[in-house]
Every structure is written in C-alpha cells, then in structure tokens.
$ cat query_26.txt   # compact mmCIF, C-alpha atoms
# COMPACT_ATOMS: atom_id res chain seq x y z
CA MET K 1165 -28.45 111.59 8.92
CA LYS K 1166 -31.92 112.88 8.13
CA ILE K 1167 -33.58 115.06 10.73
CA LEU K 1168 -37.25 115.95 10.87
CA VAL K 1169 -38.45 118.85 13.00
CA ILE K 1170 -42.18 118.74 13.66
CA GLY K 1171 -43.35 122.25 14.44
CA GLY K 1172 -41.87 125.32 12.79
CA GLY K 1173 -42.32 127.70 15.71
CA ASN K 1174 -39.54 129.59 17.47
CA MET K 1175 -37.84 126.63 19.09
CA GLY K 1176 -38.27 124.25 16.16
CA LEU K 1177 -36.81 126.86 13.83
CA THR K 1178 -33.99 127.56 16.28
CA PHE K 1179 -33.01 123.89 16.30
CA ALA K 1180 -33.10 123.60 12.50
CA GLN K 1181 -31.02 126.73 11.98
CA SER K 1182 -28.52 125.78 14.70
CA PHE K 1183 -27.95 122.33 13.20
CA LEU K 1184 -27.35 123.83 9.77
CA LYS K 1185 -25.08 126.58 11.07
CA SER K 1186 -22.91 124.06 12.92
CA LYS K 1187 -22.77 121.94 9.74
CA ILE K 1188 -23.99 118.88 11.60
CA VAL K 1189 -26.56 118.38 8.87
CA THR K 1190 -27.07 119.83 5.38
CA SER K 1191 -30.29 121.40 4.12
CA ASP K 1192 -30.78 118.33 1.89
CA ASN K 1193 -31.21 116.22 5.03
CA MET K 1194 -33.26 118.72 7.04
CA LEU K 1195 -37.03 118.36 6.94
CA ILE K 1196 -39.74 120.37 8.68
CA LEU K 1197 -43.38 119.45 9.16
CA GLU K 1198 -45.56 122.52 9.73
CA LYS K 1199 -49.36 122.28 9.61
CA SER K 1200 -49.92 126.04 9.19
CA ALA K 1201 -49.84 126.85 5.46
CA LYS K 1202 -48.84 130.45 6.15
CA LYS K 1203 -46.01 129.43 8.45
CA ALA K 1204 -44.90 126.71 6.03
CA ASP K 1205 -44.60 129.27 3.23
CA GLN K 1206 -42.47 131.50 5.47
CA LEU K 1207 -40.20 128.58 6.31
CA LYS K 1208 -39.75 127.70 2.65
CA GLU K 1209 -38.43 131.21 1.99
CA LEU K 1210 -35.65 130.61 4.54
CA ASN K 1211 -34.19 127.74 2.48
CA ILE K 1212 -33.39 125.67 5.56
CA GLY K 1213 -34.65 122.37 4.20
CA THR K 1214 -37.69 120.60 2.79
CA VAL K 1215 -40.94 121.84 4.30
CA HIS K 1216 -44.01 119.60 4.40
CA GLY K 1217 -47.55 120.55 5.32
CA GLU K 1218 -48.83 117.01 5.89
CA PRO K 1219 -47.23 113.83 7.26
CA GLY K 1220 -46.57 110.89 4.95
CA VAL K 1221 -44.47 107.78 4.34
CA TRP K 1222 -41.43 110.02 3.83
CA ILE K 1223 -41.21 110.24 7.64
CA LYS K 1224 -39.99 106.63 7.71
CA ASP K 1225 -36.71 107.73 6.11
CA CYS K 1226 -35.83 110.11 8.95
CA ASP K 1227 -33.24 109.05 11.52
CA LEU K 1228 -34.23 111.58 14.18
CA ILE K 1229 -37.66 113.11 14.72
CA ILE K 1230 -37.89 116.22 16.90
CA LEU K 1231 -41.25 117.05 18.47
CA ALA K 1232 -41.44 120.83 18.83
CA VAL K 1233 -45.19 121.45 19.01
CA LYS K 1234 -47.28 122.88 21.82
CA PRO K 1235 -48.10 120.28 24.51
CA GLN K 1236 -51.83 120.81 24.06
CA ASP K 1237 -51.52 119.62 20.44
CA ILE K 1238 -49.79 116.37 21.33
CA GLN K 1239 -52.70 113.94 21.02
CA ARG K 1240 -53.62 115.23 17.58
CA LEU K 1241 -49.97 114.93 16.58
CA PHE K 1242 -49.79 111.34 17.82
CA ASP K 1243 -52.87 110.45 15.79
CA THR K 1244 -51.47 111.93 12.57
CA ILE K 1245 -47.89 110.61 12.62
CA LYS K 1246 -47.89 107.32 14.56
CA ASP K 1247 -48.48 105.22 11.43
CA TYR K 1248 -45.34 106.64 9.82
CA ILE K 1249 -42.85 106.10 12.66
CA GLY K 1250 -40.87 102.91 13.19
CA ASP K 1251 -39.49 101.55 16.44
CA GLN K 1252 -35.85 102.06 15.38
CA GLN K 1253 -36.27 105.78 14.85
CA VAL K 1254 -35.21 108.11 17.66
CA VAL K 1255 -37.72 110.70 18.83
CA LEU K 1256 -36.49 113.82 20.65
CA SER K 1257 -39.16 115.81 22.46
CA ILE K 1258 -38.70 119.41 23.60
CA MET K 1259 -42.29 119.71 24.78
CA ALA K 1260 -42.76 120.81 28.38
CA GLY K 1261 -44.78 118.47 30.57
CA VAL K 1262 -45.03 115.53 28.14
CA THR K 1263 -43.41 112.44 29.65
CA ILE K 1264 -41.33 109.79 27.93
CA ASP K 1265 -43.96 107.15 28.71
CA ALA K 1266 -46.69 109.28 27.16
CA ILE K 1267 -44.68 109.58 23.95
CA LYS K 1268 -43.80 105.88 23.88
CA GLN K 1269 -47.43 104.90 24.28
CA GLY K 1270 -48.79 107.59 21.96
CA LEU K 1271 -46.47 106.67 19.09
CA ASN K 1272 -45.95 102.99 19.93
CA ILE K 1273 -42.17 103.41 20.00
CA THR K 1274 -39.37 102.84 22.51
CA LYS K 1275 -36.49 105.21 21.68
CA VAL K 1276 -37.40 108.55 23.21
CA ILE K 1277 -35.23 111.41 24.43
CA ARG K 1278 -36.82 114.23 26.42
CA ALA K 1279 -35.08 117.60 26.58
CA MET K 1280 -35.80 120.98 28.12
CA PRO K 1281 -34.04 123.81 26.25
CA ASN K 1282 -34.47 127.45 27.19
CA LEU K 1283 -34.95 130.67 25.24
CA PRO K 1284 -31.25 131.66 24.92
CA ALA K 1285 -30.89 128.64 22.62
CA GLN K 1286 -32.11 131.08 19.97
CA VAL K 1287 -28.76 132.87 20.14
CA GLY K 1288 -26.59 129.80 20.68
CA ILE K 1289 -26.08 130.13 24.44
CA GLY K 1290 -28.98 128.05 25.70
CA MET K 1291 -29.03 125.54 28.55
CA THR K 1292 -30.63 122.16 27.89
CA ALA K 1293 -31.17 119.26 30.29
CA PHE K 1294 -32.05 115.93 28.72
CA THR K 1295 -32.71 112.30 29.55
CA SER K 1296 -33.78 109.21 27.66
CA SER K 1297 -35.56 105.89 27.70
CA ASP K 1298 -33.42 102.80 28.31
CA GLU K 1299 -33.79 101.68 24.69
CA VAL K 1300 -31.78 104.62 23.33
CA THR K 1301 -28.23 103.44 22.59
CA ARG K 1302 -25.09 105.19 23.78
CA ILE K 1303 -24.23 106.15 20.20
CA GLU K 1304 -27.68 107.63 19.61
CA LEU K 1305 -27.48 109.57 22.87
CA VAL K 1306 -24.10 111.06 21.94
CA MET K 1307 -25.45 111.95 18.49
CA VAL K 1308 -28.37 113.85 20.01
CA GLN K 1309 -26.17 115.56 22.59
CA ASN K 1310 -23.93 116.83 19.81
CA LEU K 1311 -27.01 118.28 18.13
CA LEU K 1312 -28.22 119.91 21.33
CA ASN K 1313 -24.76 121.38 21.93
CA ALA K 1314 -25.25 123.38 18.74
CA THR K 1315 -27.70 125.53 20.74
CA GLY K 1316 -25.52 126.02 23.82
CA LYS K 1317 -24.65 123.84 26.83
CA THR K 1318 -26.22 120.53 27.86
CA ILE K 1319 -26.40 118.23 30.86
CA TYR K 1320 -27.67 114.65 30.92
CA VAL K 1321 -29.85 113.72 33.90
CA ASP K 1322 -30.63 110.14 34.93
CA ALA K 1323 -34.12 110.75 36.33
CA GLU K 1324 -36.97 112.23 34.32
CA ASN K 1325 -38.05 114.10 37.43
CA ASP K 1326 -34.89 116.17 37.01
CA ILE K 1327 -36.29 117.49 33.72
CA ASP K 1328 -39.15 119.03 35.73
CA ALA K 1329 -36.57 120.55 38.07
CA SER K 1330 -34.53 121.95 35.17
CA THR K 1331 -37.73 123.46 33.77
CA ALA K 1332 -38.08 125.52 36.96
CA ILE K 1333 -34.40 126.52 36.97
CA SER K 1334 -33.04 126.99 33.44
CA GLY K 1335 -36.31 126.73 31.51
CA SER K 1336 -38.08 129.51 33.39
CA GLY K 1337 -34.82 131.07 34.55
CA PRO K 1338 -34.43 133.67 31.78
CA ALA K 1339 -37.76 135.19 32.84
CA TYR K 1340 -36.45 135.52 36.41
CA VAL K 1341 -33.41 137.39 35.11
CA PHE K 1342 -35.56 139.69 32.97
CA TYR K 1343 -37.78 140.31 36.00
CA PHE K 1344 -34.87 141.58 38.10
CA MET K 1345 -33.46 143.53 35.17
CA GLN K 1346 -36.80 145.25 34.68
CA GLY K 1347 -36.91 146.17 38.38
CA LEU K 1348 -33.47 147.73 38.15
CA ILE K 1349 -34.41 149.62 34.97
CA GLU K 1350 -37.58 150.99 36.54
CA GLN K 1351 -35.76 152.15 39.66
CA ALA K 1352 -33.02 153.76 37.57
CA LYS K 1353 -35.67 155.78 35.75
CA GLU K 1354 -37.22 156.84 39.05
CA LEU K 1355 -33.79 158.09 40.08
CA GLY K 1356 -33.67 160.34 37.03
CA PHE K 1357 -32.07 158.31 34.22
CA SER K 1358 -33.61 158.15 30.76
CA GLN K 1359 -34.95 154.85 29.39
CA SER K 1360 -31.83 154.24 27.27
CA GLU K 1361 -29.49 155.17 30.11
CA ALA K 1362 -31.37 152.92 32.55
CA GLU K 1363 -31.21 150.01 30.10
CA LEU K 1364 -27.48 150.48 29.47
CA LEU K 1365 -26.68 150.72 33.18
CA THR K 1366 -28.66 147.53 33.85
CA TYR K 1367 -27.50 145.52 30.83
CA GLN K 1368 -23.82 146.22 31.35
CA THR K 1369 -24.11 145.51 35.07
CA PHE K 1370 -25.67 142.08 34.48
CA LYS K 1371 -23.22 141.27 31.70
CA GLY K 1372 -20.21 142.34 33.76
CA ALA K 1373 -21.34 140.35 36.80
CA ILE K 1374 -21.71 137.19 34.69
CA GLU K 1375 -18.27 137.68 33.16
CA LEU K 1376 -16.69 138.09 36.61
CA TYR K 1377 -18.43 134.96 37.84
CA ASN K 1378 -17.27 132.95 34.81
CA LYS K 1379 -13.63 134.05 34.94
CA HIS K 1380 -12.93 133.61 38.65
CA ASN K 1381 -13.47 130.70 41.00
CA LEU K 1382 -15.59 132.54 43.56
CA SER K 1383 -19.08 131.82 44.83
CA CYS K 1384 -21.96 134.29 44.54
CA ASP K 1385 -21.76 134.92 48.28
CA GLU K 1386 -18.06 135.74 47.97
CA TRP K 1387 -18.75 138.17 45.14
CA ILE K 1388 -21.47 139.87 47.18
CA LYS K 1389 -18.97 140.39 49.99
CA LYS K 1390 -16.44 141.84 47.52
CA VAL K 1391 -18.99 144.40 46.27
CA SER K 1392 -20.16 145.26 49.79
CA SER K 1393 -18.32 147.42 52.28
CA LYS K 1394 -19.24 147.96 55.91
CA GLY K 1395 -21.69 150.82 56.23
CA GLY K 1396 -21.84 151.26 52.48
CA THR K 1397 -24.56 151.39 49.83
CA THR K 1398 -24.64 147.68 48.98
CA GLU K 1399 -24.94 146.74 52.63
CA ALA K 1400 -27.84 149.18 52.98
CA ALA K 1401 -29.65 147.51 50.08
CA PHE K 1402 -29.11 144.03 51.50
CA GLN K 1403 -30.45 145.10 54.88
CA VAL K 1404 -33.76 145.73 53.11
CA PHE K 1405 -33.53 142.52 51.05
CA ASN K 1406 -32.87 140.44 54.16
CA LYS K 1407 -35.54 142.14 56.23
CA GLU K 1408 -38.13 141.45 53.53
CA ALA K 1409 -36.79 137.89 53.04
CA ILE K 1410 -36.42 138.46 49.29
CA ASN K 1411 -34.23 135.37 48.89
CA GLU K 1412 -36.78 133.10 50.55
CA LEU K 1413 -39.63 134.56 48.49
CA PHE K 1414 -37.62 134.01 45.33
CA LYS K 1415 -36.88 130.38 46.21
CA ARG K 1416 -40.57 129.81 46.96
CA GLY K 1417 -41.44 131.10 43.51
CA VAL K 1418 -38.91 128.79 41.84
CA ASN K 1419 -40.23 125.86 43.85
CA ARG K 1420 -43.77 126.67 42.72
CA ALA K 1421 -42.54 126.56 39.14
CA TYR K 1422 -41.12 123.10 39.85
CA GLU K 1423 -44.41 121.93 41.34
CA ARG K 1424 -46.28 123.24 38.31
CA SER K 1425 -43.91 121.42 35.98
CA LYS K 1426 -44.65 118.15 37.81
CA GLU K 1427 -48.39 118.86 37.61
CA LEU K 1428 -48.15 119.31 33.84
CA SER K 1429 -46.26 116.02 33.52
CA GLU K 1430 -48.98 114.22 35.40

$ encode --input "query_26.txt" --output "structure tokens"
Amino acid sequence: MKILVIGGGNMGLTFAQSFLKSKIVTSDNMLILEKSAKKADQLKELNIGTVHGEPGVWIKDCDLIILAVKPQDIQRLFDTIKDYIGDQQVVLSIMAGVTIDAIKQGLNITKVIRAMPNLPAQVGIGMTAFTSSDEVTRIELVMVQNLLNATGKTIYVDAENDIDASTAISGSGPAYVFYFMQGLIEQAKELGFSQSEAELLTYQTFKGAIELYNKHNLSCDEWIKKVSSKGGTTEAAFQVFNKEAINELFKRGVNRAYERSKELSE
C-alpha cells in the first residue's frame, strides 16, 4: 500500500512517523508532498519516505491520500492535485471544518474519509473520531482505522455532524486540560511553591487521577466524593466552584467550540 501525506506540518509528520513506527507501511511506500522548499528539505533529512515539492502523475499510484494542510489552503490544493487523483483512490482528510461533500466536489471523487485527530496523537495516545462517504468500502474503512490506531484510539461516527462535536470535545480538549493545569500551577506558586515544584505537584496529580479513573469502574462524580470529606478542604473548594457555577461556564465554553466547528464547516 502506497500512502501519500499532503502537508508536512506537525500532524502530517506525526501520521507518517506513526505509520512507519507501527510497520504498517515501509519508507519505500511513504510519500510526502510539501510545497515549502525549506520544510521539504527538513523532511528529507528524516528519511521517512520520498518527499515531493510539486504534484505530478506519480500521485495516481497512491492507494491512500491524506490531506493534512491548513483549511484556508484547501481551494489552492484542490486546483493543483485534482487532475492527478482517480475515483478509486481513498482520500483521508484531517482538516478541521472541511466537509466530505466539499472534498468530493473539489477533487471530483467519491471515496472520502474525514477524521479529527487531536494533539496527543504526536505521542501515540491521541483520540480520533472519523466518518466516511457511502462509497468507501468496509475493507477500506478498516484499513484506514488501522492506520489511525497507530496514533492512539479511534471511534467511528455515523453522522458527519458528530465530527464537529468531537472537535469541541477531543480536538480542543487538550487545551482545556492545559488551561486547568495552568490554573493549578499558578495557584501553587502563589501559595509559595517554586515553578518546578508547582509543575510536579500539578502534573503528578493529573496523571494519578487519570490512572485511577482508568483502573477502576467509578464515575467522575464517585471519585469526587471519595476525595471529599464532610467539612474538609475539597468540599470547601467545591462550595466556591458551585457558587460560581464553574461547571456550567465550562460546558458553555465547550458548546461554543462546537458551534464554531459547525460554522467553519458551513
């Protein structure tokens, strides 16, 4: 199987390296199309496959084409590659806000898979939601899911609207986590800890909480109750959180992210 990644940025590079590391594909069958000459030279030094600076008839030999460019560059991309793509090739898009129909029409193809990976894919523990056009076969869908699994976990969703929802949850989600981590770090410093101490306290706390959640069949609410004791410190903190309606504010922010994702798709 020959795989072409169009766009050698962070996510495109992550996909290429993950596929090679998992031995799903060899470097002989990995191709990258990168328009930036400087970036292309950097990619060549990594020895992860054949790097091209311009599209050409060689694209016709690729079984899977991954679109990993910025959404604002999509029309220019369509114009430069549509003459080299056949209807039996599968196109996987990881571009936020670009719909399956837009890709089908822009490239005059039918087999399109749309996926929304997140940043932790760079370290092999990403979360990716994906869906596809009806023309994609079951075998092709399984093939692509196996590739996506090389970057972490995946879920298939039936409705494309669910990709917009996953963008607001898992796509933007790492930033929410970093936001709360930063708040805890800043408060730890105000309480007298050094930067390194504050970071260690916060990092290990988040890591430990995730491990507990993963290893035991308890809900978040049940874990909160286990940490809390009547009249204790955790209860005091939650009295403030509840009074300020932090949970509702947070959910409103996530919902706004969802609305914005739909706006971009339109």

$ residues_near_point --input "query_26.txt" --point "(-34.4, 102.0, 22.4)" --cutoff "8 Å" --atoms "only C-alpha atoms" --output "short mmCIF file (atom, residue, chain, number, x, y, z; two decimals) with C-alpha atoms, in the frame of the given file"
data_model
loop_
_atom_site.label_atom_id
_atom_site.label_comp_id
_atom_site.auth_asym_id
_atom_site.auth_seq_id
_atom_site.Cartn_x
_atom_site.Cartn_y
_atom_site.Cartn_z
CA ASP K 1251 -39.49 101.55 16.44
CA GLN K 1252 -35.85 102.06 15.38
CA VAL K 1254 -35.21 108.11 17.66
CA THR K 1274 -39.37 102.84 22.51
CA LYS K 1275 -36.49 105.21 21.68
CA VAL K 1276 -37.40 108.55 23.21
CA SER K 1297 -35.56 105.89 27.70
CA ASP K 1298 -33.42 102.80 28.31
CA GLU K 1299 -33.79 101.68 24.69
CA VAL K 1300 -31.78 104.62 23.33
CA THR K 1301 -28.23 103.44 22.59
#

$ closest_residue --input "query_26.txt" --among "K:Thr1263, K:Ser1425, K:Asn1272, K:Asn1406" --to "Ala1332 (chain K)" --atoms "all atoms listed in the file"
K:Ser1425

$ closest_residue --input "query_26.txt" --among "K:Glu1354, K:Phe1405, K:Ile1245, K:Phe1342" --to "Tyr1367 (chain K)" --atoms "only C-alpha atoms"
K:Phe1342

$ closest_atom_pairs --input "query_26.txt" --of "region 1242-1361 of chain K" --to "region 1207-1224 of chain K" --cutoff "12 Å" --atoms "only C-alpha atoms" --output "Markdown table"
| residue | atom | partner | partner_atom | distance |
| --- | --- | --- | --- | --- |
| K:Phe1242 | CA | K:Pro1219 | CA | 11.1 |
| K:Asp1243 | CA | K:Pro1219 | CA | 10.8 |
| K:Thr1244 | CA | K:Pro1219 | CA | 7.1 |
| K:Ile1245 | CA | K:Pro1219 | CA | 6.3 |
| K:Lys1246 | CA | K:Pro1219 | CA | 9.8 |
| K:Asp1247 | CA | K:Val1221 | CA | 8.5 |
| K:Tyr1248 | CA | K:Val1221 | CA | 5.7 |
| K:Ile1249 | CA | K:Lys1224 | CA | 5.7 |
| K:Gly1250 | CA | K:Lys1224 | CA | 6.7 |
| K:Asp1251 | CA | K:Lys1224 | CA | 10.1 |
| K:Gln1252 | CA | K:Lys1224 | CA | 9.8 |
| K:Gln1253 | CA | K:Lys1224 | CA | 8.1 |
| K:Val1254 | CA | K:Lys1224 | CA | 11.1 |
| K:Val1255 | CA | K:Ile1223 | CA | 11.7 |

$ residues_around --input "query_26.txt" --residues "region 1319-1322 of chain K" --least-positions-apart "5" --cutoff "9 Å" --atoms "all atoms listed in the file" --output "MDAnalysis selection string"
chainID K and resid 1291:1296 1309 1327

$ closest_residue --input "query_26.txt" --among "K:Ile1333, K:Lys1187, K:Ile1258, K:Gly1172" --to "Lys1202 (chain K)" --atoms "only C-alpha atoms"
K:Gly1172

$ atom_distance --input "query_26.txt" --atom1 "CA of Tyr1343 (chain K)" --atom2 "CA of Val1233 (chain K)"
26.4 Å

$ atom_distance --input "query_26.txt" --atom1 "CA of Gly1290 (chain K)" --atom2 "CA of Asp1205 (chain K)"
27.4 Å

$ atom_distance --input "query_26.txt" --atom1 "CA of Ser1393 (chain K)" --atom2 "CA of Phe1414 (chain K)"
24.5 Å

$ closest_residue --input "query_26.txt" --among "K:Leu1228, K:Cys1384, K:Ile1374, K:Val1418" --to "Asn1193 (chain K)" --atoms "only C-alpha atoms"
K:Leu1228

$ closest_residue --input "query_26.txt" --among "K:Met1345, K:Met1280, K:Leu1428, K:Ala1285" --to "Thr1331 (chain K)" --atoms "all atoms listed in the file"
K:Met1280

$ closest_residue --input "query_26.txt" --among "K:Met1307, K:Leu1376, K:Leu1348, K:Ile1289" --to "Leu1364 (chain K)" --atoms "only C-alpha atoms"
K:Leu1348

$ residues_around --input "query_26.txt" --residues "region 1177-1186 of chain K" --least-positions-apart "2" --cutoff "7 Å" --atoms "only C-alpha atoms" --output "list in words"
Gly1172, Gly1173, Asn1174, Met1175, Ile1188, Val1189, Thr1190, Ser1191, Ile1212, Gln1286, Leu1311, Ala1314 and Thr1315 of chain K

$ residues_near_point --input "query_26.txt" --point "(-37.1, 111.2, 10.4)" --cutoff "6 Å" --atoms "all atoms listed in the file" --output "list in words"
Lys1166, Ile1167, Leu1168, Ile1223, Asp1225, Cys1226, Asp1227, Leu1228 and Ile1229 of chain K
